[in-house]
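Below: coords_24.txt (compact mmCIF, C-alpha atoms)
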```txt
# COMPACT_ATOMS: atom_id res chain seq x y z
CA MET A 638 -35.22 40.76 -54.70
CA GLU A 639 -34.84 40.09 -50.95
CA GLY A 640 -31.55 38.61 -49.87
CA LYS A 641 -29.93 39.08 -53.25
CA GLU A 642 -26.45 40.50 -52.89
CA ILE A 643 -25.61 43.41 -55.17
CA SER A 644 -21.98 44.40 -55.64
CA GLN A 645 -20.64 47.57 -54.04
CA ALA A 646 -19.68 48.91 -57.46
CA VAL A 647 -23.31 48.71 -58.61
CA ILE A 648 -24.51 50.29 -55.35
CA LYS A 649 -22.14 53.19 -55.96
CA ARG A 650 -23.72 53.80 -59.34
CA LEU A 651 -27.36 53.39 -58.29
CA PRO A 652 -27.96 56.95 -57.05
CA ARG A 653 -26.94 58.26 -60.45
CA TYR A 654 -29.37 55.91 -62.23
CA TYR A 655 -32.00 57.01 -59.76
CA ARG A 656 -31.37 60.65 -60.62
CA TYR A 657 -31.59 60.08 -64.38
CA LEU A 658 -34.70 57.92 -64.10
CA GLY A 659 -36.30 60.63 -61.95
CA GLU A 660 -35.54 63.24 -64.58
CA LEU A 661 -36.98 60.98 -67.30
CA MET A 662 -40.18 60.54 -65.29
CA GLU A 663 -40.45 64.29 -64.81
CA SER A 664 -40.27 64.77 -68.57
CA GLY A 665 -42.96 62.13 -69.09
CA VAL A 666 -40.79 59.33 -70.53
CA GLU A 667 -42.29 55.93 -69.73
CA ARG A 668 -39.83 53.56 -71.35
CA ILE A 669 -36.21 53.91 -72.36
CA SER A 670 -33.75 51.63 -74.10
CA SER A 671 -30.30 50.97 -72.69
CA ASN A 672 -28.88 52.70 -75.79
CA GLU A 673 -30.79 55.93 -75.18
CA LEU A 674 -29.94 55.88 -71.48
CA SER A 675 -26.32 55.18 -72.41
CA GLU A 676 -26.19 58.31 -74.53
CA ARG A 677 -27.65 60.48 -71.79
CA MET A 678 -25.56 59.09 -68.97
CA LYS A 679 -22.33 58.60 -70.94
CA VAL A 680 -21.98 55.05 -69.71
CA THR A 681 -21.80 52.08 -72.11
CA ALA A 682 -25.11 50.40 -72.90
CA SER A 683 -23.70 47.05 -71.83
CA GLN A 684 -22.76 48.47 -68.43
CA ILE A 685 -26.31 49.77 -68.06
CA ARG A 686 -27.81 46.42 -69.02
CA GLN A 687 -25.56 44.59 -66.57
CA ASP A 688 -26.33 47.02 -63.75
CA LEU A 689 -30.07 47.32 -64.25
CA ASN A 690 -30.65 43.63 -64.84
CA ASN A 691 -30.04 43.30 -61.12
CA PHE A 692 -33.43 44.91 -60.61
CA GLY A 693 -35.62 43.65 -63.44
CA GLY A 694 -37.98 46.14 -65.00
CA PHE A 695 -36.99 45.19 -68.54
CA GLY A 696 -39.51 43.95 -71.03
CA GLN A 697 -38.83 42.08 -74.24
CA GLN A 698 -35.65 42.76 -76.17
CA GLY A 699 -35.88 46.09 -77.92
CA TYR A 700 -38.78 47.22 -75.80
CA GLY A 701 -36.73 49.14 -73.27
CA TYR A 702 -36.90 49.64 -69.52
CA ASN A 703 -40.01 50.65 -67.63
CA VAL A 704 -38.80 53.94 -66.16
CA LYS A 705 -41.24 54.19 -63.24
CA TYR A 706 -40.84 50.55 -62.23
CA LEU A 707 -37.05 50.77 -62.22
CA TYR A 708 -37.13 54.08 -60.38
CA GLU A 709 -39.26 52.58 -57.62
CA GLU A 710 -37.22 49.39 -57.41
CA ILE A 711 -34.02 51.38 -57.04
CA ALA A 712 -35.64 53.56 -54.37
CA LYS A 713 -36.48 50.41 -52.40
CA ILE A 714 -32.96 49.04 -52.72
CA LEU A 715 -31.55 52.40 -51.62
CA GLY A 716 -33.92 52.50 -48.67
CA ILE A 717 -35.37 55.83 -49.75
CA ASP A 718 -38.91 54.51 -50.01
CA LYS A 719 -39.02 55.14 -46.24
CA CYS A 720 -38.42 58.21 -44.09
CA HIS A 721 -35.21 58.55 -42.12
CA ASN A 722 -34.99 60.92 -39.20
CA MET A 723 -31.73 62.83 -39.04
CA ILE A 724 -30.01 65.27 -36.73
CA ILE A 725 -27.14 67.56 -37.55
CA ILE A 726 -24.35 68.03 -35.04
CA GLY A 727 -22.50 71.24 -35.71
CA ALA A 728 -24.70 74.14 -36.81
CA GLY A 729 -22.02 76.19 -38.55
CA ASN A 730 -22.22 77.03 -42.24
CA LEU A 731 -21.99 73.43 -43.39
CA GLY A 732 -24.56 72.16 -40.88
CA GLN A 733 -26.93 74.94 -41.82
CA ALA A 734 -26.36 74.30 -45.53
CA ILE A 735 -27.45 70.68 -45.05
CA ALA A 736 -30.44 71.71 -42.94
CA ASN A 737 -31.49 74.06 -45.73
CA TYR A 738 -31.38 71.49 -48.55
CA THR A 739 -35.04 70.78 -49.14
CA ASN A 740 -34.08 68.09 -51.65
CA PHE A 741 -32.89 65.76 -48.92
CA GLU A 742 -36.31 65.92 -47.34
CA LYS A 743 -37.97 65.05 -50.66
CA ARG A 744 -35.91 61.84 -50.65
CA GLY A 745 -37.12 61.01 -47.14
CA PHE A 746 -34.24 62.39 -45.07
CA VAL A 747 -35.97 64.56 -42.50
CA VAL A 748 -33.84 66.89 -40.39
CA LYS A 749 -35.42 66.82 -36.93
CA GLY A 750 -32.79 68.62 -34.90
CA LEU A 751 -29.67 70.78 -35.00
CA PHE A 752 -27.12 70.85 -32.19
CA ASP A 753 -24.10 72.98 -31.44
CA ILE A 754 -21.72 73.64 -28.57
CA ASP A 755 -21.68 77.37 -29.32
CA PRO A 756 -24.08 79.07 -26.88
CA ASN A 757 -24.48 81.97 -29.33
CA LEU A 758 -26.19 79.67 -31.81
CA LYS A 759 -28.66 78.31 -29.25
CA GLY A 760 -32.21 79.27 -30.16
CA VAL A 761 -31.36 80.36 -33.72
CA MET A 762 -33.92 78.99 -36.20
CA VAL A 763 -32.89 77.25 -39.42
CA ARG A 764 -35.78 76.40 -41.73
CA GLY A 765 -38.11 76.11 -38.76
CA ILE A 766 -35.72 74.04 -36.64
CA GLU A 767 -34.28 75.50 -33.49
CA ILE A 768 -30.58 75.00 -32.78
CA CYS A 769 -30.21 73.26 -29.41
CA GLY A 770 -27.33 72.84 -27.02
CA ILE A 771 -25.32 69.65 -27.36
CA GLU A 772 -26.35 68.55 -23.86
CA GLU A 773 -29.88 67.97 -25.15
CA MET A 774 -28.73 65.66 -27.91
CA GLU A 775 -28.89 62.22 -26.30
CA GLU A 776 -32.43 62.59 -25.05
CA PHE A 777 -33.54 64.03 -28.37
CA ILE A 778 -32.10 61.05 -30.29
CA ARG A 779 -33.98 58.58 -28.10
CA GLU A 780 -37.28 60.42 -28.04
CA ASN A 781 -37.43 61.20 -31.75
CA HIS A 782 -36.30 57.86 -33.21
CA ILE A 783 -33.31 59.43 -34.92
CA GLU A 784 -31.47 57.05 -37.25
CA ILE A 785 -28.85 59.30 -38.81
CA ALA A 786 -26.46 61.84 -37.29
CA ALA A 787 -24.62 64.19 -39.64
CA LEU A 788 -21.32 65.30 -38.08
CA THR A 789 -20.44 68.73 -39.41
CA ILE A 790 -17.85 69.51 -36.77
CA PRO A 791 -14.05 69.80 -36.66
CA LYS A 792 -12.14 66.53 -36.53
CA THR A 793 -10.94 67.17 -32.98
CA LYS A 794 -14.50 66.75 -31.68
CA ALA A 795 -15.57 63.97 -34.04
CA ALA A 796 -14.51 60.89 -32.06
CA GLU A 797 -16.24 62.07 -28.90
CA MET A 798 -19.46 63.00 -30.69
CA ALA A 799 -19.50 59.73 -32.65
CA GLU A 800 -19.25 57.81 -29.40
CA ARG A 801 -22.06 59.80 -27.84
CA VAL A 802 -24.48 59.36 -30.73
CA VAL A 803 -23.68 55.66 -31.02
CA ASP A 804 -24.35 55.21 -27.31
CA SER A 805 -27.71 56.89 -27.83
CA GLY A 806 -28.73 54.40 -30.51
CA ILE A 807 -27.87 56.10 -33.81
CA LYS A 808 -27.67 53.63 -36.72
CA ALA A 809 -25.64 55.68 -39.17
CA ILE A 810 -23.21 58.60 -39.17
CA TRP A 811 -22.83 60.94 -42.11
CA ASN A 812 -19.32 62.10 -41.36
CA PHE A 813 -17.98 65.40 -42.71
CA ALA A 814 -15.16 65.59 -40.16
CA HIS A 815 -11.85 64.85 -41.80
CA THR A 816 -10.99 61.78 -39.78
CA ASP A 817 -11.89 58.10 -39.74
CA LEU A 818 -14.37 57.13 -37.03
CA ASN A 819 -14.11 53.98 -34.95
CA VAL A 820 -17.61 52.70 -34.41
CA PRO A 821 -19.14 49.26 -33.76
CA ALA A 822 -19.54 47.10 -36.86
CA ASP A 823 -23.32 47.53 -37.03
CA VAL A 824 -23.09 51.33 -37.18
CA ILE A 825 -22.80 52.71 -40.70
CA VAL A 826 -20.34 55.48 -41.49
CA GLU A 827 -20.59 57.36 -44.77
CA ASN A 828 -17.71 59.79 -45.15
CA VAL A 829 -17.72 63.04 -47.09
CA HIS A 830 -14.10 64.10 -47.03
CA LEU A 831 -14.13 67.35 -48.96
CA SER A 832 -10.39 67.89 -48.83
CA GLU A 833 -9.83 64.46 -50.37
CA SER A 834 -12.16 65.39 -53.18
CA LEU A 835 -10.18 68.58 -53.71
CA MET A 836 -6.93 66.61 -53.82
CA ARG A 837 -8.28 64.31 -56.51
CA LEU A 838 -9.16 67.42 -58.45
CA SER A 839 -5.67 68.86 -58.09
CA TYR A 840 -4.17 65.48 -59.03
CA ASN A 841 -6.01 65.75 -62.33
CA ILE A 842 -4.86 69.35 -62.85
CA ALA A 843 -1.27 68.22 -62.28
CA LYS A 844 -1.75 65.25 -64.59
CA ASN A 845 -3.14 67.44 -67.38
CA ALA A 846 -0.18 69.78 -66.93
CA ARG A 847 2.28 66.87 -67.32
CA THR A 848 0.77 65.56 -70.55
CA MET B 381 8.26 59.37 -61.42
CA GLU B 382 7.30 61.56 -64.40
CA GLY B 383 5.09 59.98 -66.98
CA LYS B 384 4.40 56.89 -64.90
CA GLU B 385 0.74 56.01 -65.00
CA ILE B 386 -0.87 55.29 -61.65
CA SER B 387 -4.23 53.53 -61.54
CA GLN B 388 -7.37 55.48 -60.65
CA ALA B 389 -7.98 53.14 -57.72
CA VAL B 390 -4.62 54.09 -56.20
CA ILE B 391 -5.27 57.79 -56.84
CA LYS B 392 -8.56 57.49 -54.98
CA ARG B 393 -6.73 56.13 -51.96
CA LEU B 394 -3.80 58.58 -52.00
CA PRO B 395 -5.45 61.45 -50.07
CA ARG B 396 -6.11 59.06 -47.21
CA TYR B 397 -2.46 57.94 -47.13
CA TYR B 398 -1.49 61.58 -47.26
CA ARG B 399 -3.67 62.33 -44.24
CA TYR B 400 -2.24 59.46 -42.18
CA LEU B 401 1.34 60.27 -43.12
CA GLY B 402 0.72 63.89 -42.14
CA GLU B 403 -0.59 62.82 -38.74
CA LEU B 404 2.44 60.54 -38.26
CA MET B 405 4.80 63.44 -39.05
CA GLU B 406 2.96 65.65 -36.58
CA SER B 407 3.52 63.05 -33.87
CA GLY B 408 7.20 62.84 -34.75
CA VAL B 409 7.22 59.40 -36.39
CA GLU B 410 10.00 59.16 -38.99
CA ARG B 411 9.62 55.63 -40.29
CA ILE B 412 6.72 53.21 -40.31
CA SER B 413 6.34 49.63 -41.46
CA SER B 414 3.51 48.56 -43.70
CA ASN B 415 2.23 46.40 -40.84
CA GLU B 416 1.98 49.32 -38.43
CA LEU B 417 0.37 51.52 -41.06
CA SER B 418 -1.99 48.66 -41.88
CA GLU B 419 -3.19 48.53 -38.29
CA ARG B 420 -3.80 52.25 -38.12
CA MET B 421 -5.51 52.57 -41.48
CA LYS B 422 -7.41 49.27 -41.38
CA VAL B 423 -6.15 48.33 -44.82
CA THR B 424 -4.17 45.14 -45.45
CA ALA B 425 -0.39 45.48 -45.32
CA SER B 426 -0.08 43.99 -48.79
CA GLN B 427 -2.47 46.63 -50.18
CA ILE B 428 -0.32 49.31 -48.58
CA ARG B 429 2.89 47.83 -49.99
CA GLN B 430 1.37 47.60 -53.46
CA ASP B 431 0.03 51.17 -53.32
CA LEU B 432 3.07 52.86 -51.84
CA ASN B 433 5.60 51.01 -53.95
CA ASN B 434 4.33 53.25 -56.75
CA PHE B 435 6.14 56.11 -55.03
CA GLY B 436 9.30 54.63 -53.57
CA GLY B 437 10.32 55.82 -50.15
CA PHE B 438 10.93 52.31 -48.85
CA GLY B 439 14.26 51.22 -47.48
CA GLN B 440 15.45 47.69 -46.93
CA GLN B 441 12.99 44.98 -46.00
CA GLY B 442 11.90 45.39 -42.39
CA TYR B 443 13.17 48.96 -42.22
CA GLY B 444 9.86 50.61 -43.01
CA TYR B 445 8.79 53.64 -45.02
CA ASN B 446 10.35 57.08 -44.72
CA VAL B 447 7.28 59.05 -43.63
CA LYS B 448 8.40 62.51 -44.70
CA TYR B 449 9.69 61.36 -48.07
CA LEU B 450 6.48 59.52 -48.89
CA TYR B 451 4.39 62.43 -47.66
CA GLU B 452 6.19 64.81 -49.98
CA GLU B 453 6.12 62.44 -52.94
CA ILE B 454 2.38 61.98 -52.56
CA ALA B 455 1.92 65.75 -52.29
CA LYS B 456 3.73 66.15 -55.62
CA ILE B 457 1.62 63.47 -57.29
CA LEU B 458 -1.55 65.09 -55.93
CA GLY B 459 -0.41 68.49 -57.17
CA ILE B 460 -0.66 70.02 -53.70
CA ASP B 461 2.99 71.02 -53.59
CA LYS B 462 1.81 74.09 -55.56
CA CYS B 463 -0.81 76.76 -54.89
CA HIS B 464 -4.11 76.69 -56.72
CA ASN B 465 -6.27 79.78 -56.95
CA MET B 466 -9.96 79.09 -56.50
CA ILE B 467 -13.22 81.00 -56.67
CA ILE B 468 -16.54 79.98 -55.22
CA ILE B 469 -19.69 80.58 -57.22
CA GLY B 470 -22.70 80.64 -54.94
CA ALA B 471 -22.12 82.32 -51.60
CA GLY B 472 -24.92 80.64 -49.67
CA ASN B 473 -24.28 78.47 -46.63
CA LEU B 474 -22.31 75.86 -48.53
CA GLY B 475 -20.18 78.38 -50.41
CA GLN B 476 -19.44 80.23 -47.21
CA ALA B 477 -18.64 76.97 -45.42
CA ILE B 478 -16.00 76.21 -48.05
CA ALA B 479 -14.62 79.75 -47.91
CA ASN B 480 -14.26 79.36 -44.15
CA TYR B 481 -12.31 76.09 -44.21
CA THR B 482 -8.80 77.23 -43.42
CA ASN B 483 -7.56 73.68 -43.96
CA PHE B 484 -8.00 73.93 -47.72
CA GLU B 485 -5.69 76.92 -47.75
CA LYS B 486 -3.06 74.96 -45.81
CA ARG B 487 -3.07 72.44 -48.66
CA GLY B 488 -2.57 75.19 -51.21
CA PHE B 489 -6.15 75.86 -52.29
CA VAL B 490 -6.52 79.61 -51.94
CA VAL B 491 -9.99 81.10 -52.17
CA LYS B 492 -9.54 84.36 -54.06
CA GLY B 493 -13.14 85.32 -54.74
CA LEU B 494 -16.78 84.62 -53.90
CA PHE B 495 -19.62 85.36 -56.31
CA ASP B 496 -23.37 85.33 -56.03
CA ILE B 497 -26.39 86.47 -58.01
CA ASP B 498 -28.16 87.64 -54.85
CA PRO B 499 -27.69 91.44 -54.60
CA ASN B 500 -28.24 91.24 -50.84
CA LEU B 501 -25.02 89.27 -50.46
CA LYS B 502 -22.95 91.74 -52.46
CA GLY B 503 -20.31 93.35 -50.28
CA VAL B 504 -20.67 90.86 -47.42
CA MET B 505 -17.25 89.77 -46.16
CA VAL B 506 -16.36 86.11 -45.58
CA ARG B 507 -12.97 85.53 -43.98
CA GLY B 508 -11.67 88.75 -45.50
CA ILE B 509 -13.10 88.08 -48.97
CA GLU B 510 -15.84 90.28 -50.32
CA ILE B 511 -18.78 88.66 -52.07
CA CYS B 512 -19.04 90.08 -55.59
CA GLY B 513 -21.79 90.11 -58.17
CA ILE B 514 -21.69 87.35 -60.76
CA GLU B 515 -21.17 89.90 -63.56
CA GLU B 516 -17.66 90.53 -62.24
CA MET B 517 -16.71 86.86 -62.41
CA GLU B 518 -15.19 86.52 -65.89
CA GLU B 519 -12.81 89.43 -65.53
CA PHE B 520 -11.81 88.25 -62.07
CA ILE B 521 -10.96 84.76 -63.33
CA ARG B 522 -8.71 86.14 -66.05
CA GLU B 523 -6.97 88.75 -63.92
CA ASN B 524 -6.30 86.51 -60.93
CA HIS B 525 -5.14 83.33 -62.68
CA ILE B 526 -7.96 81.30 -61.21
CA GLU B 527 -7.66 77.57 -61.89
CA ILE B 528 -10.56 76.13 -59.93
CA ALA B 529 -14.22 77.17 -59.68
CA ALA B 530 -16.33 75.62 -56.95
CA LEU B 531 -19.99 75.57 -57.98
CA THR B 532 -22.15 75.73 -54.88
CA ILE B 533 -25.34 76.68 -56.68
CA PRO B 534 -28.63 74.93 -57.51
CA LYS B 535 -28.54 72.53 -60.42
CA THR B 536 -30.77 74.75 -62.55
CA LYS B 537 -27.95 77.32 -62.80
CA ALA B 538 -25.04 74.89 -63.00
CA ALA B 539 -24.83 74.34 -66.76
CA GLU B 540 -24.81 78.06 -67.53
CA MET B 541 -22.21 78.85 -64.88
CA ALA B 542 -20.01 75.95 -65.96
CA GLU B 543 -20.03 77.27 -69.51
CA ARG B 544 -19.15 80.78 -68.37
CA VAL B 545 -16.21 79.72 -66.20
CA VAL B 546 -14.88 77.38 -68.88
CA ASP B 547 -15.05 80.19 -71.44
CA SER B 548 -13.03 82.33 -69.04
CA GLY B 549 -10.23 79.79 -68.84
CA ILE B 550 -10.98 77.75 -65.71
CA LYS B 551 -9.13 74.39 -65.65
CA ALA B 552 -11.24 72.54 -63.11
CA ILE B 553 -14.72 72.64 -61.63
CA TRP B 554 -15.49 71.41 -58.15
CA ASN B 555 -19.15 70.68 -58.68
CA PHE B 556 -21.60 70.55 -55.77
CA ALA B 557 -24.67 71.02 -57.99
CA HIS B 558 -26.58 67.79 -58.30
CA THR B 559 -26.23 67.39 -62.03
CA ASP B 560 -23.60 66.18 -64.49
CA LEU B 561 -21.76 68.95 -66.31
CA ASN B 562 -20.88 68.86 -69.99
CA VAL B 563 -17.48 70.44 -70.38
CA PRO B 564 -14.61 70.11 -72.88
CA ALA B 565 -12.38 67.07 -72.33
CA ASP B 566 -9.47 69.11 -70.96
CA VAL B 567 -11.58 70.64 -68.18
CA ILE B 568 -11.64 68.60 -64.99
CA VAL B 569 -14.87 68.04 -63.11
CA GLU B 570 -14.81 66.67 -59.58
CA ASN B 571 -18.32 66.04 -58.31
CA VAL B 572 -19.48 66.16 -54.72
CA HIS B 573 -23.01 64.83 -54.90
CA LEU B 574 -24.18 64.97 -51.32
CA SER B 575 -27.55 63.39 -51.95
CA GLU B 576 -25.85 60.39 -53.58
CA SER B 577 -23.71 60.00 -50.50
CA LEU B 578 -26.84 60.08 -48.36
CA MET B 579 -28.45 57.41 -50.54
CA ARG B 580 -25.47 55.10 -50.12
CA LEU B 581 -25.86 55.59 -46.40
CA SER B 582 -29.56 54.72 -46.48
CA TYR B 583 -28.81 51.71 -48.67
CA ASN B 584 -26.60 50.40 -45.91
CA ILE B 585 -29.26 51.10 -43.26
CA ALA B 586 -31.79 49.14 -45.36
CA LYS B 587 -29.26 46.34 -45.89
CA ASN B 588 -28.53 46.08 -42.15
CA ALA B 589 -32.28 45.94 -41.49
CA ARG B 590 -32.68 43.04 -43.97
CA THR B 591 -29.95 40.90 -42.42
```

I'd like the structure from this file rewritten - as structure tokens, please.
Amino acid sequence: MEGKEISQAVIKRLPRYYRYLGELMESGVERISSNELSERMKVTASQIRQDLNNFGGFGQQGYGYNVKYLYEEIAKILGIDKCHNMIIIGAGNLGQAIANYTNFEKRGFVVKGLFDIDPNLKGVMVRGIEICGIEEMEEFIRENHIEIAALTIPKTKAAEMAERVVDSGIKAIWNFAHTDLNVPADVIVENVHLSESLMRLSYNIAKNART
Amino acid sequence: MEGKEISQAVIKRLPRYYRYLGELMESGVERISSNELSERMKVTASQIRQDLNNFGGFGQQGYGYNVKYLYEEIAKILGIDKCHNMIIIGAGNLGQAIANYTNFEKRGFVVKGLFDIDPNLKGVMVRGIEICGIEEMEEFIRENHIEIAALTIPKTKAAEMAERVVDSGIKAIWNFAHTDLNVPADVIVENVHLSESLMRLSYNIAKNART
């Protein structure tokens, strides 16, 4: 598996496979054919075969996929077989919502700290984590081996904060600010641009109205 | 423009063009060449020419794009030249975060109502909107011409709520619950699966660590 390059399109689809395989495991299913999985996921069986053959876990023809094996292989590929320490910068509603999602922690994303510039939020507890002032951030990142910083702040502050976390050794930014960040090539940026999602939705409303 | 089919890949990129064109307008830029836009957006100039030639707004060679014209054309295509009434189902942190984003309203997405099953939230005001009990939802949708329902609820409740809003005439669901919804073909679902985004991020951390 090591060193094998998997296309970005497959990577995009992997989390969804992971979710379905997890649900199958929970309901006690040990093997599944590409046809059955195709029906559940509403993806063609040939697409599934192409995608999953990147990871093995298939027995003889007609015997189906080994659910647990595939689930674990995909977890490894996605890097969620390990823990990742995360901080959240911006402890408003969105930051607190993320801190409160226990599901992220189950997947190995552990929120270690919450930071905000608002002095009124300082000391407030969110799921056992105390909101700290932004001036404590750099030291906290270094001392707690933080890999991921979620930026849940307005776009006007995003560039400055991105620079500060990168300088402190952050490997990846989960960016909710509605702007593109300029970071060194080895720093990962994963954007969640909610307003772009909403525009795609309204595009489809408009399209339905035209037809 | 009417009836012309634009590829999904272009549609996916449009909100980003829209954002950059908006920023250019704000800074008083009236025309821009594909080369300049390419530098700002870090997309190849030929990609930009291909994408934007779907919408016109280009003068003679070397004269550049008319920023305002393109901005308005893209707004029309995206359906954000009109207002869309929205409700939010689930008034926890995430639901309240969305209700508080004034930027969505600037783009024409107007939050008209907030609903929750938690009786403790009933009557709480969020940016001037009162949180209502879920039993009031159906009537509210019909009386207020609501087009979009944002589902910011756990996945266990999502299927039931999706069915209820669809039965009440909702055209589109903005789904934050981590599950796939089964809805009639004419109902639009736009998913925001945050944990999938986080997995793509950790995939890239793992990939960087391997190389």

### Task
Pull out every residue of chain B sitting within 8 Å of chain A, counting all atoms listed in the file, and send them as a PyMOL selection string.
chain B and resi 382-383+391-392+395-396+457-460+472-474+476-477+484+551-552+554+566+568-570+572+574-586+588+590-591

What's around Asn819 of chain A at 9 Å? Count all atoms listed in the file, leave out sequence neighbours fewer than 3 positions away in its own chain, and write the answer as a CSV table (one decimal) with C-alpha atoms, in the frame of the given file.
```
chain,number,residue,atom,x,y,z
A,796,ALA,CA,-14.5,60.9,-32.1
A,799,ALA,CA,-19.5,59.7,-32.6
A,800,GLU,CA,-19.2,57.8,-29.4
A,822,ALA,CA,-19.5,47.1,-36.9
```

### Query
atom CA of Ile514 of chain B and atom CA of Lys492 of chain B are how many Å apart?
14.2 Å

### Message
Just the number, please: distance in Å from atom CA of Glu523 of chain B to atom CA of Leu494 of chain B, one decimal.
### Response
14.6 Å

### Query
Using all atoms listed in the file, which residue out of A:Leu758, A:Val802, A:Ile766, A:Ile685 lies closest to Asn672 of chain A?
A:Ile685

### For atom CA of Glu767 of chain A and atom CA of Ala795 of chain A, the interatomic separation in Å (one decimal)
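A separation of 22.0 Å between them.
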
### Task
Can you work out which one of A:Leu689, A:Met762, A:Ile643, A:Val666 has the shortest atom-to-atom distance to Glu710 of chain A, counting all atoms listed in the file?
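Selected residue with least distance to Glu710 of chain A: A:Leu689.
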
### Message
Taking 4 positions as the minimum chain separation for residues in the same chain, which residues sit within 7 Å of Cys512 of chain B when counting all atoms listed in the file? Answer as a PyMOL selection string.
### Response
chain B and resi 494-496+502-503+516

Find the smallest box with edges along x, y and z containing every listed atom of segment 500-517 of chain B, then add 4 Å on each side and report centre and edge lengths in Å to one decimal, as JSON.
```
{"center_x": -20.0, "center_y": 89.4, "center_z": -53.8, "size_x": 24.6, "size_y": 15.8, "size_z": 27.6}
```

### Task
Could you give me, as a PyMOL selection string, the residues within 12 Å of Gly408 of chain B, counting only C-alpha atoms and dropping anything in the same chain fewer than 5 positions from it?
chain B and resi 401-403+446-448

### Task
Go through A:Leu661, A:Ala814, A:Ile669, A:Val820 and flag the residue nearest Leu788 of chain A, using only C-alpha atoms for the distances.
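When distances to Leu788 of chain A are compared using only C-alpha atoms, the smallest one comes from A:Ala814.
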
Dump of segment 417-429 of chain B from preceding block, N, CA, C and O atoms, as a short mmCIF file (atom, residue, chain, number, x, y, z; two decimals), in the first residue's frame:
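Writing done, so here's decode.cif:
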```
data_model
loop_
_atom_site.label_atom_id
_atom_site.label_comp_id
_atom_site.auth_asym_id
_atom_site.auth_seq_id
_atom_site.Cartn_x
_atom_site.Cartn_y
_atom_site.Cartn_z
N LEU B 417 -6.25 37.76 -13.11
CA LEU B 417 -7.15 36.97 -12.27
C LEU B 417 -6.50 35.63 -11.93
O LEU B 417 -6.60 35.14 -10.79
N SER B 418 -5.80 35.08 -12.89
CA SER B 418 -5.09 33.82 -12.71
C SER B 418 -4.08 33.92 -11.56
O SER B 418 -3.98 33.04 -10.71
N GLU B 419 -3.35 35.03 -11.53
CA GLU B 419 -2.36 35.22 -10.47
C GLU B 419 -3.01 35.31 -9.09
O GLU B 419 -2.54 34.72 -8.13
N ARG B 420 -4.10 36.06 -9.03
CA ARG B 420 -4.79 36.21 -7.75
C ARG B 420 -5.39 34.90 -7.27
O ARG B 420 -5.34 34.55 -6.10
N MET B 421 -6.03 34.18 -8.19
CA MET B 421 -6.82 33.01 -7.79
C MET B 421 -6.01 31.72 -7.78
O MET B 421 -6.47 30.68 -7.35
N LYS B 422 -4.77 31.81 -8.31
CA LYS B 422 -3.93 30.61 -8.42
C LYS B 422 -4.62 29.48 -9.19
O LYS B 422 -4.68 28.33 -8.76
N VAL B 423 -5.19 29.89 -10.31
CA VAL B 423 -5.79 28.97 -11.28
C VAL B 423 -5.15 29.37 -12.60
O VAL B 423 -4.81 30.53 -12.79
N THR B 424 -4.98 28.43 -13.53
CA THR B 424 -4.37 28.82 -14.80
C THR B 424 -5.28 29.77 -15.57
O THR B 424 -6.51 29.70 -15.46
N ALA B 425 -4.63 30.66 -16.36
CA ALA B 425 -5.41 31.63 -17.14
C ALA B 425 -6.30 30.93 -18.15
O ALA B 425 -7.41 31.39 -18.44
N SER B 426 -5.86 29.80 -18.66
CA SER B 426 -6.67 29.12 -19.68
C SER B 426 -7.91 28.49 -19.03
O SER B 426 -8.99 28.48 -19.63
N GLN B 427 -7.75 28.02 -17.80
CA GLN B 427 -8.92 27.52 -17.05
C GLN B 427 -9.94 28.65 -16.85
O GLN B 427 -11.14 28.47 -17.05
N ILE B 428 -9.43 29.81 -16.46
CA ILE B 428 -10.32 30.96 -16.24
C ILE B 428 -11.04 31.34 -17.54
O ILE B 428 -12.25 31.56 -17.54
N ARG B 429 -10.28 31.39 -18.64
CA ARG B 429 -10.91 31.76 -19.92
C ARG B 429 -12.00 30.76 -20.29
O ARG B 429 -13.11 31.13 -20.66
#
```
